[in-house]
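Enquirer: Below is the structure I would like to discuss, written out as structure tokens.
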Amino acid sequence: MSSAVRTGPPPAVAGQLLDEPIRGILVLLVAIVTFSCSDTLSKYLARGLPVTEIIWLRYTTYLLLMAVPVLRGGFGALRSARPRLQLLRGVAMLGSSLFFISGLRLLPIADATAISFVSPMFITALSIPVLHEQVGTRRWLAIGVGLLGVIIIVRPGTSSFQPAAILPVLSAASWACAIVITRKMSGADGIVTTLAYSAVGPFVIVSLLLPFAWVTPSPGQLAFGALYGLVATLAQWLVVIAYRYAPASVLAPLTYTQLIWSATLGYVVFGAFPDHWTFAGAAVIVLSGLYTAHRERVRASERAP
């Protein structure tokens, strides 16, 4: 999956749910900073290494970190009630990473992050054919507004347009597929099984792609690659922990603070500061996402007994 934080709960949340919203908020804020750092590391690595190699380094680290809980549970951790959906989910998360890091090679971090926040709109759209949910007029209007925000940022038809801007959109669509598949599995497997499939499946796929684009990394690049994998994995775990302490309705709006960190780190590390169009488009996307989250909360309360 891409490093950008998305609105809504992460693809795999399990364990006892606690009612400590302040702690959940604090943990998520740390996770958001960590995600922004991982994006910065991946963009730095993309200057000298192919995207598939960067992702391979990330998943190698992820796999090593996951080896302990998987081996502790034995091979039973790889037994899934929905193996095909687990594999499909892993492919979707890998696609999200591939598209997002490919976009980071050519786009400022803030731009790529802002565009990728259209994922809630894709989740809403996919929930109709996959989950058979009903989507009302207001939510469709919110989707349209969010896409308008993307258009404001990428400005197609102008000299400022970069074709690479489509890559974060594809990343958001892939991430939305992973979320919808997770919802469709509806807790069929435990978190260790889900995380194991998230590690093993994408690792095998990207390992097969690795020989087609290989650059021998320097010791420094290997060190940064390992750090990137560690930071990205840590960020994912922090998000899982945060959503165990507080509900999505409380945490979802905070994910948009990643735009602040992305803009700050992009400027400090790469000297790239977002222009006024990026700020305007990001504001539209954020407002659309917040309204979509609000409608999700309303629908959840209506379904509650």
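Identifiers in the structure tokens: chain A, B, ... in order shown; residue index from 1 per chain; ligand index from 1 in order shown.
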Can you build me a table of region 89-160 of chain A residues sitting at most 10 Å from region 185-205 of chain A, with the closest atom pair per residue and its distance in Å to one decimal, using only C-alpha atoms, sorted by chain and residue number, as JSON lines?
Expert:
```
{"residue": "A:Arg89", "atom": "CA", "partner": "A:Ser198", "partner_atom": "CA", "distance": 7.6}
{"residue": "A:Gly90", "atom": "CA", "partner": "A:Ser198", "partner_atom": "CA", "distance": 5.0}
{"residue": "A:Val91", "atom": "CA", "partner": "A:Pro202", "partner_atom": "CA", "distance": 6.2}
{"residue": "A:Ala92", "atom": "CA", "partner": "A:Pro202", "partner_atom": "CA", "distance": 9.1}
{"residue": "A:Met93", "atom": "CA", "partner": "A:Ser198", "partner_atom": "CA", "distance": 7.8}
{"residue": "A:Leu94", "atom": "CA", "partner": "A:Pro202", "partner_atom": "CA", "distance": 5.8}
{"residue": "A:Gly95", "atom": "CA", "partner": "A:Pro202", "partner_atom": "CA", "distance": 9.0}
```
Enquirer: Which of these, A:Ile128, A:Trp56, A:His276, A:Phe35, has the shortest distance to Pro211 (chain A) once you count only C-alpha atoms?
Expert: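 Comparing A:Ile128, A:Trp56, A:His276, A:Phe35 against Pro211 (chain A), the winner is A:Trp56.
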Enquirer: Fewer than 5 positions away in the same chain doesn't count, so skip those; otherwise give me all residues within 10 Å of Thr264 (chain A), counting only C-alpha atoms, as a PyMOL selection string.
Expert: chain A and resi 36+109-110+258-259+269-274
Enquirer: Write down as a VMD selection string the residues belonging to region 185-249 of chain A that are assigned alpha helix (DSSP H) by DSSP computed on the backbone.
Expert: chain A and resid 185 191 to 209 219 to 245 248 to 249
Enquirer: Take the residues that were just selected and, keeping N, CA and C atoms, output them as a short mmCIF file (atom, residue, chain, number, x, y, z; two decimals), in the first residue's frame.
Expert:
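Heads up, here's the output in selection_2.cif:
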```
data_model
loop_
_atom_site.label_atom_id
_atom_site.label_comp_id
_atom_site.auth_asym_id
_atom_site.auth_seq_id
_atom_site.Cartn_x
_atom_site.Cartn_y
_atom_site.Cartn_z
N MET A 185 -14.46 -9.24 3.13
CA MET A 185 -14.03 -10.41 3.90
C MET A 185 -14.69 -10.42 5.27
N ILE A 191 -5.90 -10.84 12.39
CA ILE A 191 -4.99 -9.81 11.92
C ILE A 191 -3.65 -10.38 11.48
N VAL A 192 -3.14 -11.41 12.17
CA VAL A 192 -1.85 -12.00 11.79
C VAL A 192 -1.95 -12.63 10.41
N THR A 193 -3.06 -13.33 10.14
CA THR A 193 -3.25 -13.93 8.82
C THR A 193 -3.31 -12.87 7.73
N THR A 194 -4.07 -11.81 7.99
CA THR A 194 -4.19 -10.73 7.01
C THR A 194 -2.86 -10.05 6.77
N LEU A 195 -2.12 -9.76 7.83
CA LEU A 195 -0.82 -9.11 7.68
C LEU A 195 0.19 -10.04 7.01
N ALA A 196 0.07 -11.35 7.27
CA ALA A 196 0.97 -12.31 6.62
C ALA A 196 0.75 -12.32 5.11
N TYR A 197 -0.51 -12.34 4.70
CA TYR A 197 -0.81 -12.29 3.27
C TYR A 197 -0.36 -10.95 2.67
N SER A 198 -0.49 -9.88 3.46
CA SER A 198 -0.07 -8.56 2.99
C SER A 198 1.43 -8.52 2.76
N ALA A 199 2.18 -9.34 3.50
CA ALA A 199 3.63 -9.35 3.36
C ALA A 199 4.10 -10.34 2.29
N VAL A 200 3.60 -11.57 2.36
CA VAL A 200 4.13 -12.64 1.50
C VAL A 200 3.72 -12.45 0.05
N GLY A 201 2.43 -12.23 -0.19
CA GLY A 201 1.95 -12.11 -1.57
C GLY A 201 2.66 -11.01 -2.36
N PRO A 202 2.61 -9.76 -1.90
CA PRO A 202 3.30 -8.69 -2.62
C PRO A 202 4.81 -8.92 -2.73
N PHE A 203 5.43 -9.51 -1.70
CA PHE A 203 6.87 -9.77 -1.76
C PHE A 203 7.20 -10.72 -2.91
N VAL A 204 6.41 -11.77 -3.06
CA VAL A 204 6.65 -12.73 -4.15
C VAL A 204 6.49 -12.05 -5.51
N ILE A 205 5.43 -11.26 -5.65
CA ILE A 205 5.16 -10.59 -6.93
C ILE A 205 6.27 -9.62 -7.30
N VAL A 206 6.66 -8.76 -6.35
CA VAL A 206 7.67 -7.75 -6.65
C VAL A 206 9.04 -8.40 -6.83
N SER A 207 9.28 -9.57 -6.20
CA SER A 207 10.53 -10.29 -6.40
C SER A 207 10.62 -10.82 -7.84
N LEU A 208 9.49 -11.22 -8.40
CA LEU A 208 9.48 -11.68 -9.79
C LEU A 208 9.74 -10.53 -10.77
N LEU A 209 9.32 -9.32 -10.39
CA LEU A 209 9.53 -8.15 -11.24
C LEU A 209 10.93 -7.57 -11.10
N PRO A 219 25.80 0.90 -0.24
CA PRO A 219 25.52 0.65 1.19
C PRO A 219 24.58 1.69 1.78
N GLY A 220 24.75 2.95 1.38
CA GLY A 220 23.88 3.99 1.88
C GLY A 220 22.44 3.79 1.44
N GLN A 221 22.24 3.39 0.18
CA GLN A 221 20.89 3.15 -0.32
C GLN A 221 20.26 1.95 0.37
N LEU A 222 21.06 0.93 0.66
CA LEU A 222 20.53 -0.22 1.39
C LEU A 222 20.08 0.19 2.79
N ALA A 223 20.89 1.04 3.43
CA ALA A 223 20.55 1.51 4.77
C ALA A 223 19.26 2.32 4.75
N PHE A 224 19.14 3.23 3.77
CA PHE A 224 17.92 4.03 3.65
C PHE A 224 16.73 3.16 3.29
N GLY A 225 16.96 2.14 2.45
CA GLY A 225 15.88 1.23 2.08
C GLY A 225 15.36 0.46 3.28
N ALA A 226 16.28 -0.01 4.13
CA ALA A 226 15.86 -0.71 5.34
C ALA A 226 15.13 0.23 6.29
N LEU A 227 15.64 1.46 6.39
CA LEU A 227 14.98 2.46 7.24
C LEU A 227 13.58 2.76 6.71
N TYR A 228 13.45 2.88 5.40
CA TYR A 228 12.15 3.13 4.78
C TYR A 228 11.16 2.02 5.12
N GLY A 229 11.61 0.76 4.97
CA GLY A 229 10.74 -0.36 5.30
C GLY A 229 10.34 -0.37 6.76
N LEU A 230 11.29 -0.04 7.63
CA LEU A 230 11.02 -0.01 9.07
C LEU A 230 10.02 1.09 9.41
N VAL A 231 10.24 2.29 8.86
CA VAL A 231 9.37 3.43 9.15
C VAL A 231 7.96 3.19 8.61
N ALA A 232 7.86 2.66 7.37
CA ALA A 232 6.55 2.40 6.78
C ALA A 232 5.78 1.35 7.57
N THR A 233 6.48 0.30 8.00
CA THR A 233 5.82 -0.74 8.80
C THR A 233 5.38 -0.20 10.15
N LEU A 234 6.24 0.60 10.78
CA LEU A 234 5.90 1.21 12.07
C LEU A 234 4.65 2.08 11.93
N ALA A 235 4.58 2.85 10.84
CA ALA A 235 3.42 3.71 10.62
C ALA A 235 2.14 2.89 10.52
N GLN A 236 2.20 1.77 9.80
CA GLN A 236 1.02 0.92 9.66
C GLN A 236 0.56 0.38 11.01
N TRP A 237 1.50 -0.06 11.83
CA TRP A 237 1.15 -0.60 13.13
C TRP A 237 0.56 0.49 14.03
N LEU A 238 1.09 1.70 13.94
CA LEU A 238 0.56 2.81 14.75
C LEU A 238 -0.88 3.12 14.37
N VAL A 239 -1.19 3.03 13.08
CA VAL A 239 -2.57 3.28 12.64
C VAL A 239 -3.50 2.21 13.20
N VAL A 240 -3.06 0.94 13.14
CA VAL A 240 -3.87 -0.14 13.69
C VAL A 240 -4.14 0.09 15.18
N ILE A 241 -3.10 0.49 15.91
CA ILE A 241 -3.25 0.75 17.35
C ILE A 241 -4.20 1.92 17.59
N ALA A 242 -4.05 2.98 16.79
CA ALA A 242 -4.90 4.17 16.96
C ALA A 242 -6.37 3.82 16.80
N TYR A 243 -6.70 3.00 15.79
CA TYR A 243 -8.10 2.66 15.54
C TYR A 243 -8.64 1.66 16.56
N ARG A 244 -7.79 1.10 17.38
CA ARG A 244 -8.27 0.27 18.48
C ARG A 244 -8.65 1.13 19.68
N TYR A 245 -8.11 2.33 19.77
CA TYR A 245 -8.41 3.23 20.88
C TYR A 245 -9.55 4.19 20.58
N ALA A 248 -13.40 5.41 13.91
CA ALA A 248 -13.04 6.07 12.66
C ALA A 248 -13.63 7.47 12.56
N SER A 249 -14.83 7.67 13.10
CA SER A 249 -15.48 8.98 13.01
C SER A 249 -14.67 10.06 13.71
#
```
Enquirer: Just how far from CA of Thr61 (chain A) is CA of Ile166 (chain A), in Å to one decimal?
Expert: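 Distance reported for this atom pair: 28.4 Å.
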Enquirer: What is the distance between CA of Leu167 (chain A) and CA of Ala112 (chain A), in Å to one decimal?
Expert: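 Separation between CA of Leu167 (chain A) and CA of Ala112 (chain A): 8.3 Å.
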Enquirer: Please determine, counting only C-alpha atoms, which residue among A:Ile22, A:Leu78, A:Glu53, A:Leu106 has the shortest atom-to-atom distance to Pro163 (chain A).
Expert: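 Checking each of A:Ile22, A:Leu78, A:Glu53, A:Leu106 against Pro163 (chain A), counting only C-alpha atoms, the winner is A:Leu106.
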Enquirer: Could you list, as a PDB file with C-alpha atoms, in the first residue's frame, every residue within 12 Å of Ile260 (chain A), counting only C-alpha atoms and ignoring same-chain residues fewer than 5 positions away?
Expert:
```
ATOM      1  CA  LEU A  29      -0.848  11.995  14.895  1.00  0.00           C
ATOM      2  CA  ILE A  32       0.813  10.618  10.306  1.00  0.00           C
ATOM      3  CA  VAL A  33       4.251  12.145  10.877  1.00  0.00           C
ATOM      4  CA  SER A  36       5.183  11.515   5.846  1.00  0.00           C
ATOM      5  CA  ILE A 109       5.168  15.098  -2.042  1.00  0.00           C
ATOM      6  CA  ALA A 110       2.360  17.506  -1.129  1.00  0.00           C
ATOM      7  CA  ASP A 111       0.776  17.237  -4.585  1.00  0.00           C
ATOM      8  CA  THR A 113      -0.476  13.223  -1.117  1.00  0.00           C
ATOM      9  CA  ALA A 114      -3.314  15.653  -1.788  1.00  0.00           C
ATOM     10  CA  LEU A 254      -7.148  14.044  11.447  1.00  0.00           C
ATOM     11  CA  THR A 255      -5.618  12.111   8.568  1.00  0.00           C
ATOM     12  CA  LEU A 265       9.112  17.868   4.530  1.00  0.00           C
ATOM     13  CA  GLY A 266       8.878  18.424   0.778  1.00  0.00           C
ATOM     14  CA  TYR A 267      10.117  21.965   1.258  1.00  0.00           C
ATOM     15  CA  PHE A 273       6.719  24.246  -1.847  1.00  0.00           C
ATOM     16  CA  PRO A 274       3.116  23.761  -3.041  1.00  0.00           C
ATOM     17  CA  PHE A 279      -3.621  24.435  -1.612  1.00  0.00           C
ATOM     18  CA  ALA A 282      -6.387  20.142  -1.424  1.00  0.00           C
ATOM     19  CA  ALA A 283      -8.928  22.233   0.479  1.00  0.00           C
TER      20      ALA A 283
END
```
